[in-house]
Amino acid sequence: MLETGRLWLPILLLSLIWAFLSQAAQKDLSLLAYAPPDEVSNILLLTAHPDDECMFFAPTLLGLLDGSGSYPRPNVHSICLSVGNADGLGGVRRRELERSLDVLGIEERHRWVVDRPDLQDNFTAEWDPRTIADVLRPYVLDHRIHTILTFDHHGISSHPNHISLPKGAAHLVSTLPEPRPRVFSLVTVPLYSKYLGPVAPLTAKLALTVAGRVEKASTTTPVAVSDWRAYARALRAMTQHWSQLVWFRWLYVAFSRYMWVNEWVEVVP
């Protein structure tokens, strides 16, 4: 009897944690899925390398596509500006990207992978924003893109190719006539909160709950928080990139906040 009495608190705690992880949460994702009246939103995910889509952006992609929001289900497009050929595995990584996008639910007709000499996977150099803008322009115009999602100016991991993307997207938008696409960047959080594992969605949901009660009018920071099912799907997408799954990436997918939580800010050109 005494042993049973000692167990009730951890059992209750684990039950509460499981309940929290069983429910996804969104705040203002409708801002990302904006479209003019009578149009379906076309959202473009702009990445630098194969595996970016699932390592960093899965909570948002799955949140937008699961149909549970208060907005019509958008068309989500993907452009990856390199094949990740730094180690000579470009062909392999292109195929891995295709399989990952299958898992994440992005249709084959909405994908584009770029392989140019001036946009190669390189950890020591940023890409030219004008080159990025020139590559993006025909796709954005032909597919009537309303929103571009990409990294922020810290690039999450400080990779110079990541850091180049918001500059290129902003340059593109500044050269287009109205109505222009909106650009949102994924917020880089401080190092101490990057690797909290399942604690990240718990704290994010708590913050959303508090903010919902205190800041009723605030609608400027779109947030997507995955449940355990979406996390498992993101993990399955990452396992399609088998060539990249060295030991430290297993640690990443186990503990990274970005496997669970995305927060966005708008980039103003």
# chains A, B, ... in the order shown; residues from 1 in each chain; ligands from 1
call {"tool": "residues_around", "arguments": {"residues": "Val114 of chain A", "least_positions_apart": "3", "cutoff": "8 Å", "atoms": "only C-alpha atoms", "output": "list in words"}}
result
Ile79, Cys80, Leu81, Ser82 and Val83 of chain A
call {"tool": "write_last_selection", "arguments": {"atoms": "N, CA, C and O atoms", "output": "PDB file, in the first residue's frame"}}
result
ATOM      1  N   ILE A  79      11.202  24.648 -52.485  1.00  0.00           N
ATOM      2  CA  ILE A  79      12.388  24.858 -53.318  1.00  0.00           C
ATOM      3  C   ILE A  79      13.610  24.655 -52.446  1.00  0.00           C
ATOM      4  O   ILE A  79      13.745  25.297 -51.397  1.00  0.00           O
ATOM      5  N   CYS A  80      14.483  23.768 -52.878  1.00  0.00           N
ATOM      6  CA  CYS A  80      15.771  23.560 -52.210  1.00  0.00           C
ATOM      7  C   CYS A  80      16.850  24.053 -53.173  1.00  0.00           C
ATOM      8  O   CYS A  80      16.932  23.587 -54.316  1.00  0.00           O
ATOM      9  N   LEU A  81      17.693  24.984 -52.727  1.00  0.00           N
ATOM     10  CA  LEU A  81      18.612  25.669 -53.635  1.00  0.00           C
ATOM     11  C   LEU A  81      19.925  24.939 -53.868  1.00  0.00           C
ATOM     12  O   LEU A  81      20.809  25.461 -54.552  1.00  0.00           O
ATOM     13  N   SER A  82      20.089  23.757 -53.303  1.00  0.00           N
ATOM     14  CA  SER A  82      21.259  22.934 -53.631  1.00  0.00           C
ATOM     15  C   SER A  82      20.886  21.470 -53.433  1.00  0.00           C
ATOM     16  O   SER A  82      19.870  21.150 -52.806  1.00  0.00           O
ATOM     17  N   VAL A  83      21.741  20.587 -53.948  1.00  0.00           N
ATOM     18  CA  VAL A  83      21.545  19.154 -53.734  1.00  0.00           C
ATOM     19  C   VAL A  83      22.402  18.650 -52.577  1.00  0.00           C
ATOM     20  O   VAL A  83      22.470  17.447 -52.333  1.00  0.00           O
TER      21      VAL A  83
END
call {"tool": "residues_around", "arguments": {"residues": "Asp121 of chain A", "least_positions_apart": "4", "cutoff": "7 Å", "atoms": "only C-alpha atoms", "output": "JSON, numbers by chain"}}
result
{"A": [82, 84, 85, 86]}
call {"tool": "write_last_selection", "arguments": {"atoms": "all heavy atoms", "output": "compact mmCIF listing (two decimals), in the first residue's frame"}}
result
# COMPACT_ATOMS: atom_id res chain seq x y z
N SER A 82 20.09 23.76 -53.30
CA SER A 82 21.26 22.93 -53.63
C SER A 82 20.89 21.47 -53.43
O SER A 82 19.87 21.15 -52.81
CB SER A 82 22.46 23.29 -52.75
OG SER A 82 22.38 22.67 -51.48
N GLY A 84 23.08 19.57 -51.86
CA GLY A 84 23.89 19.16 -50.72
C GLY A 84 25.09 18.32 -51.11
O GLY A 84 25.37 17.30 -50.49
N ASN A 85 25.82 18.81 -52.13
CA ASN A 85 26.89 18.00 -52.71
C ASN A 85 28.26 18.23 -52.07
O ASN A 85 29.28 17.92 -52.68
CB ASN A 85 26.98 18.28 -54.22
CG ASN A 85 27.70 17.20 -54.98
OD1 ASN A 85 27.54 16.02 -54.69
ND2 ASN A 85 28.52 17.59 -55.94
N ALA A 86 28.29 18.74 -50.85
CA ALA A 86 29.58 19.03 -50.21
C ALA A 86 30.46 17.80 -50.10
O ALA A 86 31.69 17.88 -50.19
CB ALA A 86 29.35 19.65 -48.83
call {"tool": "select_by_dssp", "arguments": {"residues": "segment 65-131 of chain A", "states": "alpha helix (DSSP H)", "output": "VMD selection string"}}
result
chain A and resid 65 90 to 104 129 to 131
call {"tool": "residues_around", "arguments": {"residues": "Leu119 of chain A", "least_positions_apart": "6", "cutoff": "9 Å", "atoms": "only C-alpha atoms", "output": "compact mmCIF listing (two decimals) with N, CA, C and O atoms, in the first residue's frame"}}
result
# COMPACT_ATOMS: atom_id res chain seq x y z
N ALA A 48 17.99 25.49 -48.07
CA ALA A 48 19.32 25.49 -48.68
C ALA A 48 19.79 24.10 -49.05
O ALA A 48 20.46 23.92 -50.06
N LEU A 81 17.69 24.98 -52.73
CA LEU A 81 18.61 25.67 -53.64
C LEU A 81 19.92 24.94 -53.87
O LEU A 81 20.81 25.46 -54.55
N SER A 82 20.09 23.76 -53.30
CA SER A 82 21.26 22.93 -53.63
C SER A 82 20.89 21.47 -53.43
O SER A 82 19.87 21.15 -52.81
N TRP A 127 25.69 32.83 -50.10
CA TRP A 127 25.28 32.93 -51.48
C TRP A 127 24.85 34.37 -51.79
O TRP A 127 24.38 35.10 -50.91
N ASP A 128 24.98 34.76 -53.05
CA ASP A 128 24.62 36.11 -53.50
C ASP A 128 23.09 36.27 -53.48
O ASP A 128 22.38 35.49 -54.13
N THR A 131 21.49 36.33 -56.92
CA THR A 131 21.38 35.02 -57.57
C THR A 131 20.17 34.27 -57.03
O THR A 131 19.40 33.67 -57.80
N ILE A 132 19.99 34.29 -55.71
CA ILE A 132 18.83 33.63 -55.11
C ILE A 132 17.54 34.22 -55.66
O ILE A 132 16.61 33.50 -56.03
N ASN A 161 24.93 29.42 -45.79
CA ASN A 161 23.92 29.23 -46.83
C ASN A 161 22.52 29.51 -46.30
O ASN A 161 21.69 30.12 -46.99
call {"tool": "closest_residue", "arguments": {"among": "A:Val173, A:Val225, A:Val265, A:Leu45", "to": "Leu186 of chain A", "atoms": "only C-alpha atoms"}}
result
A:Val265
call {"tool": "closest_residue", "arguments": {"among": "A:Leu191, A:Ile145, A:Val261, A:Ala33", "to": "Gly67 of chain A", "atoms": "only C-alpha atoms"}}
result
A:Ala33
call {"tool": "closest_residue", "arguments": {"among": "A:Leu136, A:Pro222, A:Arg233, A:Lys194", "to": "His171 of chain A", "atoms": "only C-alpha atoms"}}
result
A:Leu136
call {"tool": "select_by_dssp", "arguments": {"residues": "segment 221-267 of chain A", "states": "strand (DSSP E)", "output": "PyMOL selection string"}}
result
chain A and resi 223-225+261-267
call {"tool": "residues_around", "arguments": {"residues": "Thr203 of chain A", "least_positions_apart": "2", "cutoff": "12 Å", "atoms": "only C-alpha atoms", "output": "list in words"}}
result
Ile17, Phe20, Leu21, Ala25, Ser193, Leu196, Gly197, Pro198, Val199, Ala200, Pro201, Lys205, Leu206, Ala207, Leu208, Thr209, Val210, Val225, Arg257, Trp260 and Val261 of chain A
